[in-house]
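J.: Got a structure for you, my_file-v9.tsv, holding TSV, C-alpha atoms and all ligand atoms.
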```
chain	number	residue	atom	x	y	z
A	1	MET	CA	-4.87	-37.57	7.26
A	2	ASN	CA	-2.47	-34.68	7.63
A	3	ALA	CA	-2.48	-31.21	6.10
A	4	ARG	CA	-0.02	-32.25	3.36
A	5	GLN	CA	-2.16	-35.13	2.17
A	6	HIS	CA	-5.13	-32.85	2.17
A	7	ALA	CA	-3.32	-30.21	0.16
A	8	ARG	CA	-2.41	-32.82	-2.45
A	9	GLY	CA	-6.09	-33.66	-2.75
A	10	GLU	CA	-5.75	-37.14	-1.22
A	11	ASP	CA	-9.03	-36.74	0.58
A	12	VAL	CA	-12.67	-36.49	-0.21
A	13	PRO	CA	-14.47	-33.18	0.55
A	14	ASN	CA	-15.97	-34.37	3.83
A	15	ASP	CA	-12.59	-35.48	5.19
A	16	SER	CA	-11.39	-31.87	5.16
A	17	GLU	CA	-13.76	-31.21	8.03
A	18	GLU	CA	-11.40	-33.22	10.29
A	19	LEU	CA	-8.68	-30.63	9.85
A	20	PRO	CA	-8.56	-27.68	12.24
A	21	PRO	CA	-9.97	-24.45	10.85
A	22	SER	CA	-7.30	-21.96	9.91
A	23	ILE	CA	-9.59	-19.11	8.89
A	24	GLU	CA	-13.18	-18.71	10.06
A	25	VAL	CA	-15.30	-15.98	8.51
A	26	ARG	CA	-18.79	-15.33	9.83
A	27	ASN	CA	-21.30	-12.86	8.38
A	28	LEU	CA	-18.50	-10.59	7.25
A	29	THR	CA	-19.57	-7.22	5.83
A	30	LYS	CA	-17.54	-4.20	4.77
A	31	GLU	CA	-19.03	-0.87	3.78
A	32	PHE	CA	-17.12	2.13	2.45
A	33	ARG	CA	-18.37	5.70	2.48
A	34	ARG	CA	-17.36	7.71	-0.53
A	35	PRO	CA	-18.33	11.09	-2.01
A	36	ARG	CA	-21.41	10.80	-4.22
A	37	ARG	CA	-20.26	10.83	-7.84
A	38	ARG	CA	-21.19	13.79	-10.02
A	39	SER	CA	-21.68	13.69	-13.77
A	40	GLY	CA	-21.37	16.38	-16.44
A	41	ARG	CA	-18.83	19.24	-16.61
A	42	PHE	CA	-15.95	19.17	-14.10
A	43	ALA	CA	-17.42	15.95	-12.67
A	44	ALA	CA	-14.14	14.87	-11.05
A	45	VAL	CA	-13.64	18.18	-9.21
A	46	ARG	CA	-17.31	18.38	-8.19
A	47	THR	CA	-17.14	14.78	-6.86
A	48	LEU	CA	-14.03	15.72	-4.89
A	49	LEU	CA	-15.78	18.70	-3.32
A	50	ALA	CA	-19.04	16.83	-2.65
A	51	THR	CA	-20.31	16.96	0.91
A	52	ASP	CA	-22.85	14.16	0.58
A	53	HIS	CA	-21.71	10.55	0.62
A	54	GLU	CA	-22.89	7.19	-0.59
A	55	VAL	CA	-22.30	3.85	1.09
A	56	VAL	CA	-20.75	1.05	-0.97
A	57	ARG	CA	-21.22	-2.44	0.41
A	58	ALA	CA	-18.03	-4.08	-0.90
A	59	VAL	CA	-18.48	-7.32	1.05
A	60	ASP	CA	-21.98	-8.42	1.95
A	61	ASP	CA	-22.51	-10.95	4.74
A	62	ILE	CA	-20.13	-13.72	3.68
A	63	SER	CA	-19.26	-16.81	5.72
A	64	PHE	CA	-16.76	-19.59	5.05
A	65	THR	CA	-14.08	-21.69	6.72
A	66	VAL	CA	-10.64	-22.50	5.36
A	67	ARG	CA	-9.02	-25.57	6.92
A	68	ALA	CA	-5.30	-25.86	7.70
A	69	GLY	CA	-3.39	-26.99	4.61
A	70	GLU	CA	-6.12	-26.06	2.14
A	71	ALA	CA	-5.43	-24.04	-1.02
A	72	VAL	CA	-8.46	-21.93	-1.84
A	73	GLY	CA	-8.86	-19.81	-4.96
A	74	CYS	CA	-10.99	-16.70	-4.87
A	75	ILE	CA	-12.37	-15.39	-8.16
A	76	GLY	CA	-14.84	-12.75	-9.25
A	77	SER	CA	-15.14	-9.88	-11.68
A	78	ASN	CA	-13.56	-6.43	-11.08
A	79	GLY	CA	-14.97	-4.78	-8.00
A	80	ALA	CA	-16.55	-8.03	-6.72
A	81	GLY	CA	-14.95	-7.61	-3.29
A	82	LYS	CA	-11.99	-10.01	-3.40
A	83	SER	CA	-9.28	-7.59	-2.29
A	84	THR	CA	-11.49	-6.12	0.43
A	85	THR	CA	-12.06	-9.65	1.75
A	86	ILE	CA	-8.32	-10.44	1.75
A	87	LYS	CA	-7.61	-7.16	3.53
A	88	MET	CA	-10.06	-8.10	6.30
A	89	LEU	CA	-8.61	-11.63	6.55
A	90	THR	CA	-5.12	-10.18	7.00
A	91	GLY	CA	-6.19	-7.51	9.50
A	92	VAL	CA	-5.42	-4.57	7.19
A	93	LEU	CA	-9.08	-3.51	7.24
A	94	ALA	CA	-11.53	-3.84	10.12
A	95	PRO	CA	-14.94	-5.26	9.17
A	96	THR	CA	-18.09	-3.13	9.37
A	97	SER	CA	-19.79	-6.17	10.92
A	98	GLY	CA	-19.20	-9.90	11.27
A	99	THR	CA	-16.05	-11.68	12.41
A	100	VAL	CA	-12.79	-13.09	11.10
A	101	ARG	CA	-10.76	-15.56	13.12
A	102	LEU	CA	-7.28	-16.53	12.01
A	103	ASP	CA	-6.13	-19.48	14.10
A	104	GLY	CA	-8.70	-18.36	16.65
A	105	ARG	CA	-7.62	-14.70	16.78
A	106	ASP	CA	-9.07	-11.49	15.39
A	107	PRO	CA	-6.42	-10.44	12.82
A	108	ALA	CA	-7.27	-6.73	13.08
A	109	GLY	CA	-6.92	-6.85	16.89
A	110	ALA	CA	-3.85	-9.09	17.14
A	111	ARG	CA	-1.72	-7.46	14.42
A	112	LYS	CA	1.71	-8.61	15.72
A	113	GLU	CA	0.68	-12.20	16.28
A	114	THR	CA	-1.08	-12.22	12.89
A	115	ALA	CA	2.07	-10.93	11.14
A	116	ARG	CA	3.99	-13.91	12.55
A	117	ARG	CA	1.37	-16.38	11.30
A	118	ILE	CA	0.81	-15.04	7.79
A	119	GLY	CA	2.65	-14.10	4.62
A	120	VAL	CA	1.09	-11.68	2.15
A	121	VAL	CA	1.87	-10.92	-1.49
A	122	PHE	CA	0.07	-8.22	-3.42
A	123	GLY	CA	0.87	-8.60	-7.13
A	124	GLN	CA	0.23	-4.92	-7.74
A	125	ARG	CA	2.24	-3.56	-4.83
A	126	SER	CA	5.65	-4.40	-3.40
A	127	GLN	CA	6.38	-4.74	0.29
A	128	LEU	CA	10.13	-4.56	-0.26
A	129	TRP	CA	12.45	-1.60	0.31
A	130	TRP	CA	12.63	0.18	-3.03
A	131	ASP	CA	16.23	1.43	-2.72
A	132	LEU	CA	17.84	-1.67	-1.23
A	133	PRO	CA	19.29	-4.61	-3.15
A	134	LEU	CA	16.83	-7.52	-2.98
A	135	VAL	CA	19.06	-9.58	-0.70
A	136	GLU	CA	19.25	-6.74	1.86
A	137	SER	CA	15.46	-6.39	1.76
A	138	LEU	CA	15.20	-10.12	2.46
A	139	GLU	CA	17.66	-9.86	5.35
A	140	LEU	CA	15.65	-7.01	6.83
A	141	VAL	CA	12.39	-8.97	6.55
A	142	ALA	CA	14.06	-11.97	8.22
A	143	ASP	CA	15.32	-9.69	10.98
A	144	ILE	CA	11.89	-8.17	11.59
A	145	HIS	CA	10.37	-11.64	11.93
A	146	GLY	CA	13.26	-12.89	14.11
A	147	VAL	CA	14.14	-15.68	11.66
A	148	GLU	CA	17.29	-17.38	12.95
A	149	PRO	CA	20.28	-17.52	10.50
A	150	ALA	CA	20.06	-21.25	9.71
A	151	ARG	CA	16.38	-21.01	8.87
A	152	TYR	CA	17.00	-17.86	6.80
A	153	ARG	CA	19.70	-19.63	4.75
A	154	ARG	CA	17.49	-22.70	4.25
A	155	ASN	CA	14.44	-20.71	3.17
A	156	LEU	CA	16.46	-18.41	0.93
A	157	ALA	CA	18.01	-21.46	-0.77
A	158	ARG	CA	14.52	-22.98	-1.21
A	159	ALA	CA	13.24	-19.78	-2.82
A	160	GLU	CA	16.37	-19.40	-4.97
A	161	ALA	CA	16.03	-22.95	-6.29
A	162	VAL	CA	12.41	-22.66	-7.44
A	163	LEU	CA	12.07	-18.94	-8.12
A	164	GLY	CA	15.56	-18.48	-9.62
A	165	LEU	CA	16.55	-15.41	-7.59
A	166	SER	CA	20.33	-15.69	-7.87
A	167	ASP	CA	20.62	-13.54	-11.02
A	168	PHE	CA	19.16	-10.48	-9.35
A	169	LEU	CA	19.71	-10.81	-5.59
A	170	THR	CA	22.09	-7.83	-5.59
A	171	THR	CA	19.87	-5.61	-7.80
A	172	PRO	CA	18.05	-2.73	-6.08
A	173	VAL	CA	14.34	-3.50	-5.94
A	174	ARG	CA	13.41	-0.37	-7.93
A	175	GLN	CA	15.39	-1.73	-10.91
A	176	LEU	CA	13.68	-5.13	-10.94
A	177	SER	CA	11.23	-6.08	-13.69
A	178	LEU	CA	7.70	-6.92	-12.53
A	179	GLY	CA	8.33	-10.67	-12.73
A	180	ARG	CA	11.54	-10.44	-10.69
A	181	ARG	CA	9.95	-8.09	-8.17
A	182	VAL	CA	7.01	-10.46	-7.57
A	183	ARG	CA	9.42	-13.40	-7.13
A	184	GLY	CA	11.35	-11.32	-4.60
A	185	ASP	CA	8.15	-10.40	-2.79
A	186	LEU	CA	7.09	-14.04	-2.64
A	187	ALA	CA	10.47	-15.13	-1.27
A	188	ALA	CA	10.24	-12.39	1.40
A	189	ALA	CA	6.67	-13.36	2.34
A	190	VAL	CA	7.63	-16.91	3.30
A	191	LEU	CA	11.04	-16.45	4.96
A	192	HIS	CA	9.40	-16.91	8.36
A	193	ASP	CA	7.46	-20.06	7.31
A	194	PRO	CA	4.00	-18.56	7.68
A	195	ALA	CA	1.16	-20.96	8.38
A	196	VAL	CA	-1.11	-19.05	5.99
A	197	LEU	CA	-0.09	-17.42	2.72
A	198	PHE	CA	-2.36	-14.77	1.16
A	199	LEU	CA	-1.74	-13.96	-2.48
A	200	ASP	CA	-3.71	-11.12	-4.06
A	201	GLU	CA	-3.38	-11.37	-7.85
A	202	PRO	CA	0.23	-12.58	-7.63
A	203	THR	CA	0.53	-13.44	-11.32
A	204	ILE	CA	-0.97	-10.28	-12.81
A	205	GLY	CA	1.14	-9.09	-15.75
A	206	LEU	CA	3.64	-11.96	-15.55
A	207	ASP	CA	4.87	-13.91	-18.57
A	208	VAL	CA	4.02	-17.62	-18.75
A	209	HIS	CA	7.46	-18.78	-17.60
A	210	THR	CA	7.52	-16.53	-14.52
A	211	ARG	CA	3.92	-17.41	-13.72
A	212	ASP	CA	4.85	-21.10	-13.75
A	213	ARG	CA	7.69	-20.47	-11.30
A	214	VAL	CA	5.44	-18.55	-8.94
A	215	ILE	CA	2.71	-21.19	-9.04
A	216	ASP	CA	5.23	-24.06	-8.69
A	217	PHE	CA	6.69	-22.40	-5.61
A	218	VAL	CA	3.30	-21.90	-3.99
A	219	ARG	CA	2.33	-25.47	-4.90
A	220	SER	CA	5.44	-26.81	-3.18
A	221	LEU	CA	4.77	-24.75	-0.04
A	222	ASN	CA	1.20	-26.01	0.07
A	223	GLY	CA	2.02	-29.61	-0.83
A	224	GLU	CA	5.24	-30.13	1.11
A	225	GLN	CA	4.94	-27.76	4.07
A	226	GLY	CA	1.15	-27.85	4.40
A	227	THR	CA	0.98	-24.03	4.14
A	228	THR	CA	-2.62	-22.83	3.91
A	229	VAL	CA	-3.04	-20.75	0.75
A	230	VAL	CA	-5.69	-18.16	-0.12
A	231	LEU	CA	-5.28	-16.82	-3.64
A	232	THR	CA	-7.24	-14.21	-5.56
A	233	THR	CA	-6.75	-14.08	-9.28
A	234	HIS	CA	-8.32	-13.36	-12.64
A	235	ASP	CA	-6.27	-16.16	-14.10
A	236	LEU	CA	-8.28	-19.30	-13.70
A	237	ALA	CA	-5.42	-21.47	-14.91
A	238	ASP	CA	-3.62	-20.58	-11.64
A	239	ILE	CA	-6.57	-21.86	-9.65
A	240	GLU	CA	-6.83	-25.06	-11.66
A	241	ARG	CA	-3.17	-25.80	-10.97
A	242	LEU	CA	-3.15	-24.91	-7.32
A	243	CYS	CA	-6.53	-25.31	-5.70
A	244	ARG	CA	-9.16	-27.97	-5.24
A	245	ARG	CA	-11.59	-25.44	-3.87
A	246	VAL	CA	-12.78	-22.20	-5.37
A	247	ILE	CA	-14.88	-19.39	-3.91
A	248	LEU	CA	-16.64	-17.20	-6.44
A	249	ILE	CA	-17.48	-13.72	-5.21
A	250	ASP	CA	-20.14	-11.78	-7.06
A	251	ALA	CA	-21.18	-8.26	-5.98
A	252	GLY	CA	-19.81	-8.80	-2.46
A	253	SER	CA	-21.57	-12.15	-1.90
A	254	ILE	CA	-20.43	-15.74	-2.25
A	255	ALA	CA	-21.99	-17.09	-5.43
A	256	TYR	CA	-20.28	-20.47	-5.24
A	257	ASP	CA	-18.05	-22.24	-2.74
A	258	GLY	CA	-17.03	-25.73	-3.78
A	259	THR	CA	-14.65	-27.84	-5.75
A	260	VAL	CA	-13.07	-26.74	-9.02
A	261	THR	CA	-14.05	-30.16	-10.38
A	262	ARG	CA	-17.72	-29.58	-9.67
A	263	LEU	CA	-17.56	-26.14	-11.20
A	264	LYS	CA	-16.16	-27.66	-14.38
A	265	ALA	CA	-18.43	-30.71	-14.28
A	266	ALA	CA	-21.47	-28.45	-14.16
A	267	TYR	CA	-20.67	-27.41	-17.65
A	268	ARG	CA	-19.14	-30.60	-18.97
A	269	ALA	CA	-22.29	-31.00	-21.02
A	270	ARG	CA	-21.07	-27.97	-22.98
A	271	ARG	CA	-18.16	-30.01	-24.36
A	272	THR	CA	-18.33	-30.67	-28.05
A	273	LEU	CA	-16.98	-33.48	-30.20
A	274	THR	CA	-15.91	-32.68	-33.75
A	275	VAL	CA	-15.78	-35.61	-36.15
A	276	THR	CA	-14.29	-35.36	-39.64
A	277	TYR	CA	-15.43	-38.03	-42.11
A	278	ASP	CA	-15.09	-38.94	-45.77
A	279	ALA	CA	-17.86	-36.81	-47.32
A	280	VAL	CA	-17.64	-38.49	-50.75
A	281	GLU	CA	-18.19	-41.91	-49.25
A	282	ALA	CA	-21.06	-40.69	-47.06
A	283	GLY	CA	-22.76	-38.89	-50.00
A	284	ASP	CA	-26.16	-37.29	-49.54
A	285	ALA	CA	-27.06	-39.70	-46.75
A	286	GLY	CA	-24.26	-38.19	-44.67
A	287	SER	CA	-25.45	-34.61	-44.87
A	288	ALA	CA	-29.03	-35.65	-44.04
A	289	VAL	CA	-28.10	-37.79	-41.04
A	290	PHE	CA	-25.55	-35.34	-39.69
A	291	ALA	CA	-27.78	-32.24	-40.03
A	292	ALA	CA	-27.89	-29.74	-37.14
A	293	GLY	CA	-30.52	-30.58	-34.54
A	294	ARG	CA	-30.39	-34.37	-35.17
A	295	THR	CA	-29.32	-36.67	-32.37
A	296	LEU	CA	-26.31	-38.91	-32.62
A	297	GLY	CA	-26.09	-41.37	-29.75
A	298	GLU	CA	-26.74	-39.23	-26.66
A	299	GLY	CA	-25.32	-36.13	-28.38
A	300	THR	CA	-26.97	-33.44	-30.47
A	301	VAL	CA	-25.52	-32.13	-33.71
A	302	VAL	CA	-24.83	-28.41	-33.35
A	303	GLU	CA	-23.06	-27.79	-36.64
A	304	ALA	CA	-22.73	-29.77	-39.86
A	305	SER	CA	-20.90	-29.19	-43.11
A	306	PRO	CA	-19.85	-31.71	-45.76
A	307	GLY	CA	-17.28	-33.99	-44.14
A	308	ARG	CA	-17.45	-32.40	-40.68
A	309	VAL	CA	-19.96	-32.64	-37.84
A	310	ARG	CA	-19.83	-31.02	-34.38
A	311	VAL	CA	-21.83	-32.72	-31.61
A	312	ALA	CA	-22.74	-31.32	-28.17
A	313	LEU	CA	-21.79	-34.01	-25.65
A	314	PRO	CA	-23.83	-35.06	-22.64
A	315	ALA	CA	-22.01	-35.34	-19.27
A	316	SER	CA	-21.67	-39.15	-19.43
A	317	ALA	CA	-18.19	-40.46	-20.20
A	318	SER	CA	-19.47	-43.26	-22.43
A	319	ALA	CA	-21.10	-40.89	-24.93
A	320	VAL	CA	-18.14	-40.54	-27.30
A	321	PRO	CA	-17.70	-44.19	-28.38
A	322	ALA	CA	-21.46	-44.52	-29.08
A	323	ILE	CA	-21.45	-41.40	-31.27
A	324	LEU	CA	-18.34	-42.54	-33.14
A	325	ALA	CA	-19.90	-45.96	-33.73
A	326	GLU	CA	-23.01	-44.35	-35.19
A	327	VAL	CA	-21.01	-42.09	-37.51
A	328	GLY	CA	-18.76	-45.04	-38.43
A	329	GLN	CA	-21.76	-47.09	-39.57
A	330	ARG	CA	-22.33	-44.60	-42.38
A	331	CYS	CA	-18.87	-43.46	-43.40
A	332	ALA	CA	-15.15	-43.57	-42.67
A	333	VAL	CA	-14.14	-41.34	-39.74
A	334	THR	CA	-10.88	-39.55	-40.58
A	335	ASP	CA	-10.28	-37.45	-37.44
A	336	LEU	CA	-11.86	-36.32	-34.19
A	337	SER	CA	-11.28	-33.76	-31.42
A	338	ILE	CA	-13.00	-32.81	-28.17
A	339	ASP	CA	-13.23	-29.19	-27.05
A	340	GLU	CA	-12.96	-29.28	-23.26
A	341	ASN	CA	-14.51	-26.40	-21.42
A	342	SER	CA	-11.89	-24.32	-19.63
A	343	LEU	CA	-12.68	-23.05	-16.16
A	344	GLU	CA	-12.65	-19.60	-17.69
A	345	ASN	CA	-15.48	-20.50	-20.07
A	346	VAL	CA	-17.39	-22.19	-17.30
A	347	VAL	CA	-17.28	-19.07	-15.16
A	348	LYS	CA	-18.25	-16.85	-18.10
A	349	GLU	CA	-21.22	-19.08	-18.78
A	350	LEU	CA	-22.23	-19.04	-15.12
A	351	TYR	CA	-22.22	-15.25	-15.17
A	352	ALA	CA	-24.20	-15.24	-18.41
A	353	THR	CA	-26.80	-17.81	-17.31
A	354	GLU	CA	-29.61	-16.62	-15.09
A	355	GLY	CA	-29.72	-18.85	-12.00
A	356	GLY	CA	-26.43	-20.51	-13.08
A	357	PHE	CA	-24.72	-19.99	-9.74
A	358	GLU	CA	-27.76	-21.12	-7.74
A	359	ALA	CA	-28.04	-24.36	-9.72
A	360	LEU	CA	-24.37	-25.05	-9.19
A	361	ALA	CA	-24.46	-24.30	-5.47
A	362	ALA	CA	-27.48	-26.61	-5.11
A	363	ALA	CA	-25.64	-29.40	-6.95
A	364	GLU	CA	-22.59	-28.92	-4.71
A	365	GLY	CA	-24.80	-29.07	-1.61
A	366	ALA	CA	-26.45	-32.29	-2.83
A	367	ASP	CA	-23.03	-33.91	-3.28
A	368	ARG	CA	-21.97	-33.33	0.31
A	401	LIG	N1	-11.08	2.30	0.13
A	401	LIG	C1	-12.21	2.25	-0.56
A	401	LIG	N2	-13.08	3.28	-0.54
A	401	LIG	C2	-14.25	3.23	-1.23
A	401	LIG	N3	-14.64	2.17	-1.98
A	401	LIG	C3	-13.81	1.11	-2.04
A	401	LIG	C4	-12.54	1.10	-1.34
A	401	LIG	N4	-11.94	-0.10	-1.60
A	401	LIG	C5	-12.77	-0.78	-2.41
A	401	LIG	N5	-13.89	-0.06	-2.67
A	401	LIG	C6	-15.03	-0.49	-3.50
A	401	LIG	O1	-15.44	-1.76	-3.01
A	401	LIG	C7	-15.82	-2.62	-4.10
A	401	LIG	C8	-14.98	-3.90	-4.05
A	401	LIG	O2	-13.62	-3.56	-4.33
A	401	LIG	P1	-12.44	-4.65	-4.29
A	401	LIG	O3	-11.17	-3.93	-4.57
A	401	LIG	O4	-12.53	-5.46	-3.05
A	401	LIG	O5	-12.83	-5.59	-5.54
A	401	LIG	P2	-11.98	-6.71	-6.27
A	401	LIG	O6	-12.88	-7.90	-6.41
A	401	LIG	O7	-10.69	-6.94	-5.54
A	401	LIG	O8	-11.72	-6.05	-7.67
A	401	LIG	P3	-10.45	-6.15	-8.67
A	401	LIG	O9	-10.51	-7.50	-9.28
A	401	LIG	O10	-10.73	-5.07	-9.65
A	401	LIG	O11	-9.22	-5.91	-7.85
A	401	LIG	C9	-15.63	-1.80	-5.36
A	401	LIG	O12	-16.89	-1.22	-5.68
A	401	LIG	C10	-14.64	-0.73	-4.95
A	401	LIG	O13	-14.81	0.45	-5.71
```
Show this structure as structure tokens.
T.:
Amino acid sequence: MNARQHARGEDVPNDSEELPPSIEVRNLTKEFRRPRRRSGRFAAVRTLLATDHEVVRAVDDISFTVRAGEAVGCIGSNGAGKSTTIKMLTGVLAPTSGTVRLDGRDPAGARKETARRIGVVFGQRSQLWWDLPLVESLELVADIHGVEPARYRRNLARAEAVLGLSDFLTTPVRQLSLGRRVRGDLAAAVLHDPAVLFLDEPTIGLDVHTRDRVIDFVRSLNGEQGTTVVLTTHDLADIERLCRRVILIDAGSIAYDGTVTRLKAAYRARRTLTVTYDAVEAGDAGSAVFAAGRTLGEGTVVEASPGRVRVALPASASAVPAILAEVGQRCAVTDLSIDENSLENVVKELYATEGGFEALAAAEGADR
């Protein structure tokens, strides 16, 4: 199996171990020292003048491996440590302890070599020249990386086709809207065909159409070129479209590292089935049988009103026909719908459930 097949998900989790590691992170920790915060009057000024410091452990002893050709999503709440992790993976920050190896090298020590191997996009910050037209910025980036003219033309055409750059190639970067600027940044980041692409919140603030373009472009790089992708985002839809694997960071530690499918499956049991039926035909018998708390097939009724019943579904796929058959024995079913749990809801529930992450990680481990 090659990196492209892997990126398209044509493998099973264990097969990915055959691929060479692209990024190896071992016991990585980053601490920041910052002035101890003051409260009360003139707190900001008093914090600024403070002479005592506190240590913030932004990343706390994390270890993981990303294989060549993988697309890995990194999620977590604000301040969880995602950006700090990306900065250490790209060599921007040196770790307090632990190691990062990018294709076998320390990215903070081998900055030049690392720059050749990686592309980086920060959604909140541009790496382009503010006063230059976009196309001149791209030419400069290509020059810095020593991209030969034929490759530059090919990669620019590839980016133009998917990201739709032609309308604003001659516009100075400072005049670009956020969506256009991010597309320009993404095009610049991959002109030199990096083996690994780091994207830190690339879709933040983008409209749906622009977000689709950005994700489609990254998907094509990962699927067709086998580019390894590490993406941090608050938008879980991006991860669902791009990645098979997700790493959840919580308070600087890895709370979950496994497949998106497993993450969703863990809470499949939270799906609900809503059945609408002919209340007149069902009469009193209907409201008694479909009352909240009763079981229907393998499901449990969570809500009932005349003519409408909502049932919590178990994980098994065969549950729905059995429930419908049971309702159908008593009355005429007129409509039905299933509320699938979005990854967003799943993550919210994991955060809200004590021991939720641990249970999930244990289930993931048992599957391997
Ligand atoms: N340069 C710094 N100096 C001091 N503290 C920092 C610095 N950079 C980050 N931190 C702290 O480290 C913790 C992790 O921050 P980080 O930016 O990595 O989180 P994040 O998961 O990327 O959050 P967000 O989703 O809001 O971007 C936070 O408590 C943050 O305040």
J.: When you draw a straight line from CA of Tyr277 (chain A) to CA of Pro314 (chain A), how long is it in Å?
T.: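 If I compute the distance from CA of Tyr277 (chain A) to CA of Pro314 (chain A), I get 21.4 Å.
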J.: Can you build me a table of chain A residues sitting at most 10 Å from ligand LIG 401 (chain A), with the closest atom pair per residue and its distance in Å to one decimal, using only C-alpha atoms and all ligand atoms, sorted by chain and residue number, as a tab-separated table?
T.:
```
residue	atom	partner	partner_atom	distance
A:Lys30	CA	A:LIG401	O1	8.4
A:Glu31	CA	A:LIG401	O1	7.7
A:Phe32	CA	A:LIG401	C2	4.8
A:Arg33	CA	A:LIG401	C2	6.1
A:Arg34	CA	A:LIG401	C2	5.5
A:Pro35	CA	A:LIG401	C2	8.9
A:Glu54	CA	A:LIG401	C2	9.5
A:Val55	CA	A:LIG401	C2	8.4
A:Val56	CA	A:LIG401	N3	6.3
A:Arg57	CA	A:LIG401	O1	6.8
A:Ala58	CA	A:LIG401	O1	4.1
A:Val59	CA	A:LIG401	C8	7.1
A:Cys74	CA	A:LIG401	O6	9.1
A:Ile75	CA	A:LIG401	O6	7.7
A:Gly76	CA	A:LIG401	O6	6.0
A:Ser77	CA	A:LIG401	O9	5.7
A:Asn78	CA	A:LIG401	O10	3.5
A:Gly79	CA	A:LIG401	O5	3.4
A:Ala80	CA	A:LIG401	O6	3.7
A:Gly81	CA	A:LIG401	O4	3.2
A:Lys82	CA	A:LIG401	O6	3.8
A:Ser83	CA	A:LIG401	O7	3.6
A:Thr84	CA	A:LIG401	O4	3.7
A:Thr85	CA	A:LIG401	O4	6.4
A:Ile86	CA	A:LIG401	O4	8.1
A:Lys87	CA	A:LIG401	O4	8.4
A:Leu93	CA	A:LIG401	N1	9.4
A:Gln124	CA	A:LIG401	O11	9.5
A:Asp200	CA	A:LIG401	O7	8.3
A:Glu201	CA	A:LIG401	O11	8.0
A:Thr232	CA	A:LIG401	O7	8.0
A:Thr233	CA	A:LIG401	O9	7.6
A:His234	CA	A:LIG401	O9	7.1
A:Ile249	CA	A:LIG401	O6	7.5
A:Asp250	CA	A:LIG401	O6	8.3
A:Ala251	CA	A:LIG401	C8	7.8
A:Gly252	CA	A:LIG401	C8	7.1
```
J.: Considering all atoms listed in the file, can you say which of A:Arg26, A:Asp131, A:Phe64, A:Gly258 comes closest to Pro95 (chain A)?
T.: A:Arg26
J.: Env of Leu236 (chain A): 8 Å cut, atoms = all atoms listed in the file, seq-sep filter 4 positions within chain, self excluded. Answer as a list of chain:residue names.
T.: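 Here the answer would be A:Ile75, A:Glu240, A:Leu343, A:Glu344.
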J.: Could you name the residues that touch region 292-294 of chain A at 10 Å or less, counting all atoms listed in the file, but leaving out those on the same chain fewer than 2 positions away, as an MDAnalysis selection string?
T.: chainID A and resid 287:290 296:297 299:305 309:311
J.: Do you have the CA of Thr259 (chain A)-CA of Ala315 (chain A) distance handy?
T.: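 Rounded to one decimal, the two atoms are 17.1 Å apart.
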J.: Compare A:Ala189, A:Val275, A:Ile239, A:Val100 by their minimum atom-to-atom distance to Ala312 (chain A), counting only C-alpha atoms, and give me the closest one.
T.: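 Checking each candidate against Ala312 (chain A), we get A:Val275 as the closest.
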J.: Just give me the gap between CA of Arg154 (chain A) and CA of Pro194 (chain A) in Å, one decimal is fine.
T.: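 Between CA of Arg154 (chain A) and CA of Pro194 (chain A) the gap is 14.5 Å.
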J.: Of the candidates A:Ile254, A:Leu178, A:Ala319, A:Ile215, which shows the shortest atom-to-atom distance to Thr295 (chain A), using all atoms listed in the file?
T.: A:Ala319
J.: Taking all atoms listed in the file into account, which of A:Tyr256, A:Leu163, A:Ala188, A:Gly119 comes nearest Asp212 (chain A)?
T.: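 Comparing A:Tyr256, A:Leu163, A:Ala188, A:Gly119 against Asp212 (chain A), the winner is A:Leu163.
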J.: For Leu221 (chain A), work out the shell of residues within 12 Å, counting all atoms listed in the file and skipping chain neighbours fewer than 4 positions away, then give it as a VMD selection string.
T.: chain A and resid 3 to 4 7 to 8 69 to 71 119 155 158 to 159 162 186 to 187 189 to 191 193 to 197 214 to 217 225 to 229 242
J.: Determine, counting all atoms listed in the file, which protein, DNA and RNA residues have an atom within 12 Å of an atom of Glu113 (chain A); residues of the same chain fewer than 3 positions away are not included. Present the result as a list in words.
T.: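 Once the adjacent positions are removed, what remains is Thr90, Gly91, Leu102, Asp103, Gly104, Arg105, Asp106, Pro107, Ala108, Gly109, Ala110, Arg116, Arg117, Ile118, Gly119, His145, Pro194 and Ala195 of chain A.
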J.: Would you mind telling me which residue in A:Ile23, A:Leu28, A:Leu128, A:Val72 lies nearest to Arg174 (chain A) when using only C-alpha atoms?
T.: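 Using only C-alpha atoms, Arg174 (chain A) sits closest to A:Leu128.
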